[in-house]
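Below is one structure, written out as structure tokens; comments come after it.
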Amino acid sequence: MDRRSFLKFGALAASSGVMGACGQATQKVIPFVIPPEDGANPVDGYHYATTCRECEAGCGVVVRTVNGRAKKIEGNSVHPISNGRACVKAQAAVQRVYHSERLTDPMVNKNGKFEKISWNDAIGMLVEKLKIANGKTFFLNNGANDALAGVVDSIFGEKGGNFIASNHDFGHESLIAGGSSLFDFPKIQLADMSNADFTILLGADMNESGVSPVYQAYTFGQSRRGRPSKRGRFVYCGSRLSPTAASADKWLPVPPGQLGLLALSIAQVVVDTVIQRELAPSVGRDTLMGWRQALNSFTPEKTYKKIEVKADYIRRMAAPFVDEAPALMVAGDGVVGFTNGTSSTEAIEFVNMLSAEIGREKTKLSQAKTLQSNPTLKAALQANFGLAPEKQSFRRLKILTDGMVGNEYKVGIISHTNPVFDTPKSLKFKEALANVPFKVSFSCFMDETTVECNLVLPDNHWLESWSAQLPNFRPGVPILNLVQPTVVPFLNTKQAGDVLLEAAAKAGIAVPAKNLESFIGTVIEKNRAYLKDVPTALDTKESWNHMLQSGGWWPNYNIGGQAETPKPASLSAVSKNLIIEDPSFDGDDSYQFYLHPYKTAHMGRGNGANQAWMHEAPDPVTTLMWQFWIEVNPVMASTIGVVEGDIVKVASPYGSITGPVFPFAGLRPDVIAVPVGYGHTKYGELANNVGSNAMNLLGITIDKTSGALAFRSQKVSITKDKGSVMMMRNAHPRGEYKGEIFQL
Amino acid sequence: MSSNNVKRSSDAVTAGGHGDISLLPELEAFRDPKSKAARASYDDADIYRDEKSFNEHTLAPMFTTSRAYFVFVIALGIVIANGFAWFVAQTFLGMGQTNMHEPLFWGAYIATFVFWVGMSHSGTIVSSILRLSQANWRRPILRAAEAMTAFSLLVAGMFPLVHVGRLWRVYYMFPLPNQRELWPNFKSPLMWDMMAIGIYLTGSMTFLFIGLLPDLAVARDKAIRENNWRRHYLSFLSLGWRGSHREWSVYNKASMFLAVAILCIAPSVHTIVSWDFAMTMTPGWHTTIFGPYFVVGAIYSGIAAVITLMISLRWIFKLDDVIRTLHIDCLAKLLIVIAIIWTYFYFCEFNVVWYSQKPEEWGIWEWQAERFGSFLWIMVGGSVLSIFLMSWRKIRTNMVAMFFITLLVNVGMFIERYLIVVPILSHRDSAYMWTDYVPSVTELSIIVGSFAYFVLLYALFLKLFPIVTMADVKEGVIVSGDVKLGRHAVRMQVKE
Amino acid sequence: MKSFNYKKHNDYKWAMTVDLDRCDGCGACVVACQAENNIPSLGVEQTQEGRNMLWLRIERYIEGSYPDVKVRFLPMMCQHCDTAPCESVCPVYATYQNNEGLNVQVYNRCVGTRFCGNNCPYSVRYFNWYDPDFEGKEKNQLNPDVSLREKGIMEKCTFCMQRIRRGKDNAADEGREVHDGDIKPACVQTCPTGALEFGNINDHHSRVSKLAHSGRAISLFEEKGTHPSVKYLKGGTADVF
């Protein structure tokens with residue numbers, strides 16, 4: 001190429017570039033950046049109503065399925081508990097269905113190695129063992145009141161050395177016992193806060209340890225801003241500033257175990273005021289004077305030393321309970337974690353009842369048109385879909401463990417619970433389990449308990465299962481929840497209830513039905529007359545479909561509409577119960593700190609630990625992700641000489657754990673808070689070796705009244721350990737104090 | 001070839017600025033052959049060398065290659081290959097190979113990008129300013145400075161490619177005609193930036209090339225004479241330059257025109273680069289001072305880099321008699337001025353924020369002081385220290401001292417770019433999202449590779465093209481000479 | 001039969017209100033968002049790098065010290081600003097304002113300069129540093145309505161665009177306008193306390209419109225002039241009594 005042609009080409013290129021740039025504007029600019037509105041219609045799929053089984057609150061949910069796969073779980077908007085809402089566990093449940101570590105086939109444990117076998121062989125093996133056991137079988141579930149529990153109850157019952165127990169959330173026994181002494185109803189009293197103008201949350205963490213996170217949060221929201229021109233005020237009392245405490249208007253750091261005393265102190269002020277003002281409650285003046293007598297030693301001035309809340313403040317908190325504003329007290333984990341849990345709960349419910357009895361406008365706070373309005377139905381449902389509350393206490397789990405040590409059982413059936421991991425190490429459940437010759441685990445995942453079993457039978461996820469369930473608390477209305485398969489099982493799994501029924505039938509044990517679905521159908525058919533709001537004129541099929549469509553059965557209701565305040569069983573006789581013993585703690589003087597183990601909304605008792613979403617969603621208070629931590633008060637942290645991320649060792653007489661320290665201003669200086677659910681060893685890739693298990697620290701301290709584990713009664717010591725780790729926090733440590741930039 | 005020079009000396013001679021009588025003793029000394037050597041290290045042009053030996057001398061770095069050179073180039077190649085391998089890995093694996101994270105979306109890459117764009121500023125700006133102001137001492141350094149511009153722009157232009165998430169879709173940023181009639185968004189400062197850098201790169205490349213033409217011809221003649229392999233591309237690139245009068249006049253016009261054009265483009269380029277930051281609403285970036293501040297910063301780092309480079313060339317290729325102490329001294333004086341202006345701008349930027357104490361902006365300074373305190377000291381301290389040191393002529397003419405001072409200036413300027421990008425993005429409006437950042441191995445390797453790439457380009461250039469602006473130097477020789485004024489010989493210059 | 005021209009400009013202007021007095025920081029919205037929008041979990045290593053992919057995050061701020069300490073939650077998602085700073089700086093129009101007030105991200109167009117993320121005062125834009133890792137069985141859960149994003153792309157909250165389109169389609173099929181409450185993004189639908197509301201702010205009878213025009217409503221960083229579509233409803237009184 002010579003220079004001239006080079007220049008020519010250059011000129012040509014330049015001019016064409018210029019011409020191109022100056023070309024005529026086209027008629028239609030950017031046609032496809034905005035997606036065509038009538039283009040591909042998003043796939044809608046099918047929606048099925050069912051009931052969430054991630055915890056036992058019994059929220060109605062709707063599952064969206066596309067192409068036979070569950071895609072999304074939402075609240076069921078007609079369900080009285082969920083009101084169309086869902087919590088973090090329900091949202092993440094789909095991830096459990098399609099979890100890569102889900103058990104795919106039945107497996108048998110051969111000297112520590114699991115080998116896949118066929119279902120026929122597996123059931124054959126179970127039948128054979130059941131025959132040999134001939135009684136002497138124990139069944140352990142996660143505290144669910146569902147059709148499976150009912151089936152097991154009717155198959156095994158308490159005959160011939162069989163034993164049924166459950167490993168459910170700690171402390172719920174005390175909530176039940178404390179409430180039922182007043183209400184004669186063996187369910188957790190869960191207040192509907194919707195109408196409350198003033199609520200004292202006593203260690204009641206709605207999200208994490210709450211009985212029903214969704215229901216409580218919903219009523220919380222309604223109270224706060226759900227009513228025109230009224231804003232519910234909240235005071236949270238407890239040792240740790242939980243997310244719930246953060247949402248409250250005021251946090252009172254009351255020492256551990258003294259919340260019942262706080263309630264009684266308020267009761268004292270209330271009774272005193274009622275007498276002074278000569279209000280006329282229905283209980284009569286004599287009872288009132290009796291209470292005054294009984295409460296004499298709980299004046300705010302006298303209790304100040306223990307509860308560390310100024311008398312003046314107690315008086316102000318008590319005022320709404322006498323005045324017009326509807327006021328409420330709610331008990332939670334912070335109350336029942338101690339040896340005085342039951343009596344504290346009683347005291348709290350007493351204040352609620354007292355407040356409702358003072359003759360002012362009924363606030364329908366503890367409303368409940370309960371199942372007891374129809375004793376037959378109640379009995380039928382309770383018997384078939386659940387276990388009696390007395391079969392569910394922690395004390396019973398202890399008895400079971402002792403029995404295993406004493407070689408009382410030949411066969412153990414464990415369903416969806418992981419006691420090796422989530423009961424105190426000092427219970428020695430794992431060692432006891434070794435004494436049982438044959439153990440079956442129904443589970444979706446391999447975990448610390450399943451690994452100890454001889455036979456692993458992979459259960460359907462609840463999205464693939466039939467069941468019927470009764471909520472673990474008492475919402476405003478009677479509710480029977482139905483669980484139906486929304487997707488076909490995509491692995492070689494079978495439902496635990498069906499397998500047990502089949503095996504029991506083959507082993508020659510009388511069974512109530514052929515499978516779980518027909519069992520539920522039969523029970524409902526029998527009681528259909530009582531389930532009034534299901535149109536009885538329709539044939540069975542149609543009413544059954546109607547129930548499936550709505551996700552269960554409950555009377556048509558709107559909040560406050562039909563509800564009636566339950567009759568207190570023995571309000572006038574309560575005065576003898578108005579005593580709160582001091583909480584007793586485990587650990588001598590060398591252990592100076594109170595251990596505060598708490599569940600997080602994401603991990604629960606450890607179930608969530610194998611889910612990426614649960615790790616990835618930051619913890620609300622610490623904003624830590626994928627990580628375990630030990631919370632201490634910043635002042636205490638500097639006393640020990642640690643900064644965030646330094647490894648500390650927390651020790652009790654029963655064991656010790658190590659973990660990185662997280663100084664948190666919302667914690668009493670004498671308390672060390674540890675989240676539970678971490679420290680798995682055999683629960684899959686994501687869960688294993690993340691942190692330590694707080695259960696290693698706990699001793700067995702039991703609330704004698706209810707038989708609940710007093711899980712916050714442990715005293716521990718804390719020392720600095722070697723090393724430190726990077727804290728994976730979502731909030732920057734420097735930025736977290738800069739909220740004022742938002743000028744909210 | 002080159003015979004034109006002689007002709008031009010016979011043009012009309014007018015007295016230059018050196019006619020002052022006070023210069024006489026100096027001129028006496030100048031004429032004294034004994035003091036010649038002493039002055040040679042400082043003086044402006046070599047008038048005692050004939051053209052041929054001058055050509056040989058200045059083309060020597062191009063035509064003679066030592067073994068050390070190859071070792072050096074291979075070493076550079078390894079560093080570049082390392083950077084390139086990390087870059088390939090980053091492209092295939094994802095940008096996660098860097099340590100960037102939300103909300104720190106720009107990190108060391110962009111800092112380095114700005115640094116290289118800044119480096120590019122001195123070359124052509126200095127060259128065109130000096131050309132236009134006809135500073136006589138400029139002559140030998142022009143080429144080296146212009147080449148630096150071109151190469152640092154090439155290196156800088158690489159960084160957006162390294163930085164984008166989807167390299168394979170980067171053509172979306174070009175205004176290519178397409179079926180969907182989608183054009184780039186000209187509202188985006190990045191588009192301005194791309195345009196500006198594109199124009200600047202084209203302009204400075206042309207500037208470099210035009211300036212090269214006469215020298216290419218000299219080299220071509222030598223290559224043909226010696227049957228050197230370079231003759232192939234040299235004869236192509238020299239476009240058949242014969243040194244005719246018309247060619248020279250076109251050449252002069254073209255280089256004059258380009259000098260003016262470049263002088264207009266260059267400040268706009270770095271202003272636009274600064275607008276990548278200043279046009280956002282990010283506190284710490286969103287400030288009107290950024291335009292001039294960046295331009296000055298660019299010239300600052302650029303001049304320092306030119307000095308560093310000159311000293312290196314002088315040392316490596318023994319070009320003491322071409323690149324003289326005079327040049328370094330003059331450049332250093334220029335550097336002092338620019339350094340003072342830069343420091344002033346920095347002070348302005350700080351002062352406004354400090355006085356107003358607006359939390360989101362003052363917060364960034366506190367954050368910087370806390371987390372990048374030592375960096376801040378190197379940067380500001382280095383600048384002040386260099387101004388202080390360069391005030392002495394002794395230091396200005398001390399090559400070793402100047403080498404380290406200018407290096408310090410550029411380290412400071414790299415830090416400055418890093419501090420503009422990193423602390424501000426790690427301290428955004430939403431305090432929850434504050435973050436910390438340290439570049440990853442990938443980023444560091446690519447950045448180190450970019451430095452090696454620059455040096456390699458320069459090293460190759462040295463061997464392929466004449467590094468000394470021979471024509472200009474010779475012009476300087478021709479247009480200035482001793483003229484007898486009465487009893488005294490006086491240095492005279494011809495006005496072009 | 002589509003009698004309603006719902007494409008007409010300004011028929012809809014989607015907006016969200018966040019009641020800070022109701023939010024209890026439970027995090028249900030965060031996981032709901034991840035489940036609905038096929039947001040990958042990044043894992044431990046990525047989290048250590050400081051990366052996260054929370055289209056909706058709950059910012060937590062601490063005020064004061066023991067015992068008068070207050071912890072506050074602030075749900076933060078894309079604010080869908082009317083004058084969005086992210087839009088003007090994108091060199092390829094990968095993000096733009098649609099005619100319903102949504103700030104839309106076109107994944108296919110994005111080249112990943114990440115300029116938008118720098119210019120977002122709320123820091124709600126997230127970048128795919130790696131290809132999302134949906135291996136094996138987890139694929140079964142992916143929402144077919146939402147595209148997966150490859151590495152090198154910016155993404156952010158879309159107000160659940162797919163739900164908005166479905167809601168409008170359903171309404172159009174029935175020949176009506178979208179009713180208040182027809183369309184709920186995943187976070188709004190799940191929020192147990194009812195802190196989040198979503199709707200058409202151009203409809204003066206919608207709940208979101210009433211809340212957004214109540215005295216409690218504020219915009220974050222109002223001084224930036226971004227005019228967000230997300231309004232925050234201020235918290236309650238300073239103390240209980």
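Ligands are numbered from 1 in the order shown, chains are lettered A, B, ... in the order of the structure tokens, and residues start at 1 in each chain.
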Using only C-alpha atoms, find each residue of chain A with at least one atom at most 6 Å away from an atom of chain C; report its shortest atom-to-atom pair and that distance in Å (one decimal), sort the rows by chain and rising residue number, and return the result as a Markdown table.
| residue | atom | partner | partner_atom | distance |
| --- | --- | --- | --- | --- |
| A:Pro42 | CA | C:Asp145 | CA | 5.4 |
| A:Lys71 | CA | C:Gln141 | CA | 5.1 |
| A:Arg85 | CA | C:Thr190 | CA | 4.6 |
| A:Ala86 | CA | C:Thr190 | CA | 5.0 |
| A:Cys87 | CA | C:Ala28 | CA | 5.0 |
| A:Val88 | CA | C:Ala28 | CA | 3.9 |
| A:Gln91 | CA | C:Ala32 | CA | 5.5 |
| A:Tyr98 | CA | C:Glu138 | CA | 5.2 |
| A:Ser100 | CA | C:Lys137 | CA | 5.5 |
| A:Val214 | CA | C:Pro192 | CA | 5.3 |
| A:Ala217 | CA | C:Thr193 | CA | 4.9 |
| A:Tyr218 | CA | C:Thr193 | CA | 4.4 |
| A:Gly221 | CA | C:Thr193 | CA | 4.4 |
| A:Ala246 | CA | C:Val71 | CA | 5.1 |
| A:Ser247 | CA | C:Asp24 | CA | 5.1 |
| A:Asp249 | CA | C:Val240 | CA | 5.9 |
| A:Pro620 | CA | C:Gly25 | CA | 5.8 |
| A:Ala665 | CA | C:Tyr66 | CA | 5.2 |
| A:Met728 | CA | C:Gln48 | CA | 5.8 |
| A:Glu736 | CA | C:Tyr61 | CA | 4.7 |
| A:Tyr737 | CA | C:Ile62 | CA | 5.1 |
| A:Gly739 | CA | C:Tyr61 | CA | 5.3 |
| A:Leu744 | CA | C:Lys234 | CA | 5.8 |
B:Gly94 environment, 12 Å, only C-alpha atoms, sequence neighbours closer than 2 positions dropped, as an NGL selection string: (:B and (86-92 or 96-100 or 162-167 or 442)) or (:C and (112 or 127-132 or 150-153))
Contacts of chain B with chain C up to 7 Å, shortest pair per row, only C-alpha atoms, as a tab-separated table:
residue	atom	partner	partner_atom	distance
B:Leu93	CA	C:Tyr130	CA	6.5
B:Gly94	CA	C:Tyr130	CA	4.7
B:Met95	CA	C:Trp129	CA	4.8
B:Gly96	CA	C:Trp129	CA	4.3
B:Asn99	CA	C:Glu49	CA	6.6
B:His101	CA	C:Arg51	CA	5.0
B:Glu102	CA	C:Arg51	CA	5.9
B:Pro103	CA	C:Ser123	CA	5.8
B:Phe105	CA	C:Arg114	CA	5.8
B:His163	CA	C:Thr113	CA	7.0
B:Val164	CA	C:Thr113	CA	4.8
B:Gly165	CA	C:Gly152	CA	3.7
B:Arg166	CA	C:Val111	CA	4.9
B:Arg169	CA	C:Val111	CA	5.8
B:Val170	CA	C:Val111	CA	6.0
B:Tyr172	CA	C:Val92	CA	6.4
B:Met173	CA	C:Val92	CA	5.8
B:Pro184	CA	C:Val92	CA	4.6
B:Asn185	CA	C:Pro91	CA	4.8
B:Phe186	CA	C:Pro91	CA	6.9
B:Lys187	CA	C:Ser88	CA	5.8
B:Ser188	CA	C:Val89	CA	4.1
B:Pro189	CA	C:Val89	CA	6.2
B:Leu190	CA	C:Pro91	CA	6.0
B:Met191	CA	C:Pro91	CA	5.8
B:Thr280	CA	C:Asn119	CA	5.5
B:Met281	CA	C:Asn119	CA	6.1
B:Thr282	CA	C:Asn119	CA	6.0
B:Arg428	CA	C:Pro121	CA	7.0
B:Asp429	CA	C:Pro121	CA	5.5
B:Ser430	CA	C:Tyr122	CA	5.8
B:Tyr432	CA	C:Glu59	CA	6.2
With a distance threshold of 9 Å and counting only C-alpha atoms, extract the residues of chain B near chain A and express them as a PDB file with C-alpha atoms, in the first residue's frame.
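Output (part02.pdb):
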ATOM      1  CA  PRO B 175     -22.073   3.428  19.285  1.00  0.00           C
ATOM      2  CA  PRO B 177     -25.260   0.459  14.529  1.00  0.00           C
ATOM      3  CA  ARG B 180     -32.325  -2.828  17.950  1.00  0.00           C
ATOM      4  CA  GLU B 181     -31.221   0.712  17.378  1.00  0.00           C
ATOM      5  CA  LEU B 182     -29.819   0.850  20.836  1.00  0.00           C
ATOM      6  CA  TRP B 183     -27.278   3.547  21.417  1.00  0.00           C
ATOM      7  CA  PHE B 236       6.712   2.228   5.461  1.00  0.00           C
ATOM      8  CA  LEU B 239       5.941   7.816   4.459  1.00  0.00           C
ATOM      9  CA  GLY B 240       8.685   8.525   1.993  1.00  0.00           C
ATOM     10  CA  PRO B 359     -21.084  14.904  58.600  1.00  0.00           C
ATOM     11  CA  GLU B 360     -21.176  12.767  55.482  1.00  0.00           C
ATOM     12  CA  HIS B 427     -17.847   5.193  53.484  1.00  0.00           C
ATOM     13  CA  ASP B 429     -24.252   7.449  52.729  1.00  0.00           C
ATOM     14  CA  SER B 430     -25.743   4.361  54.276  1.00  0.00           C
ATOM     15  CA  ALA B 431     -23.616   3.793  57.356  1.00  0.00           C
ATOM     16  CA  TYR B 432     -24.728   0.189  57.605  1.00  0.00           C
ATOM     17  CA  MET B 433     -22.924  -0.551  54.371  1.00  0.00           C
ATOM     18  CA  TRP B 434     -19.581   0.919  55.284  1.00  0.00           C
ATOM     19  CA  THR B 435     -16.846  -1.443  54.397  1.00  0.00           C
ATOM     20  CA  ASP B 436     -13.150  -2.119  54.248  1.00  0.00           C
TER      21      ASP B 436
END
Can you list every residue in chain C that DSSP puts in strand (DSSP E or B), as a count of residues only? 41
Within 12 Å of A:Ser344, counting only C-alpha atoms, which residues qualify if same-chain residues fewer than 6 places away don't, as a VMD selection string? chain A and resid 174 to 179 181 202 to 203 257 to 265 329 to 338 350 to 351 577 to 583 703 705 to 706
Can you tell me, as a PDB file with C-alpha atoms, in the first residue's frame, what residues are no more than 10 Å from B:Ile197 when counting only C-alpha atoms, ignoring any on the same chain fewer than 4 positions away?
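File result_31.pdb, as written:
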ATOM      1  CA  VAL B 117      -4.592   8.745  32.508  1.00  0.00           C
ATOM      2  CA  LEU B 153      -2.952   6.048  27.606  1.00  0.00           C
ATOM      3  CA  LEU B 154      -2.756   2.615  26.076  1.00  0.00           C
ATOM      4  CA  ALA B 156      -4.993   3.287  30.962  1.00  0.00           C
ATOM      5  CA  GLY B 157      -7.363   2.241  28.208  1.00  0.00           C
ATOM      6  CA  MET B 191     -19.407   7.637  27.731  1.00  0.00           C
ATOM      7  CA  TRP B 192     -17.852  11.089  27.814  1.00  0.00           C
ATOM      8  CA  ASP B 193     -14.844   9.511  29.326  1.00  0.00           C
ATOM      9  CA  LEU B 201      -5.351   8.733  22.325  1.00  0.00           C
ATOM     10  CA  THR B 202      -5.872   9.406  18.621  1.00  0.00           C
ATOM     11  CA  GLY B 203      -4.574  12.929  18.968  1.00  0.00           C
ATOM     12  CA  ILE B 265      -8.043  18.243  24.525  1.00  0.00           C
ATOM     13  CA  ALA B 266      -5.755  17.274  27.369  1.00  0.00           C
ATOM     14  CA  SER B 268     -10.780  18.309  28.950  1.00  0.00           C
ATOM     15  CA  VAL B 269      -9.789  14.662  29.129  1.00  0.00           C
ATOM     16  CA  HIS B 270      -8.784  14.719  32.707  1.00  0.00           C
ATOM     17  CA  ILE B 272     -13.935  14.372  32.176  1.00  0.00           C
ATOM     18  CA  VAL B 273     -12.150  11.623  34.040  1.00  0.00           C
TER      19      VAL B 273
END
Can you tell me, as a PyMOL selection string, what residues are no more than 12 Å from A:Ser550 when counting only C-alpha atoms, ignoring any on the same chain fewer than 2 positions away? chain A and resi 47-51+60-62+75-80+84+479-484+533-534+543-548+552-556
Computed gap from atom CA of A:Ile73 to atom CA of A:Gly45 is 12.7 Å
Could you check which of A:Pro471, A:Gly161, A:Gly707, A:Gly112 is closest to A:Ala144, using only C-alpha atoms?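 Result for the nearest residue to A:Ala144: A:Pro471.
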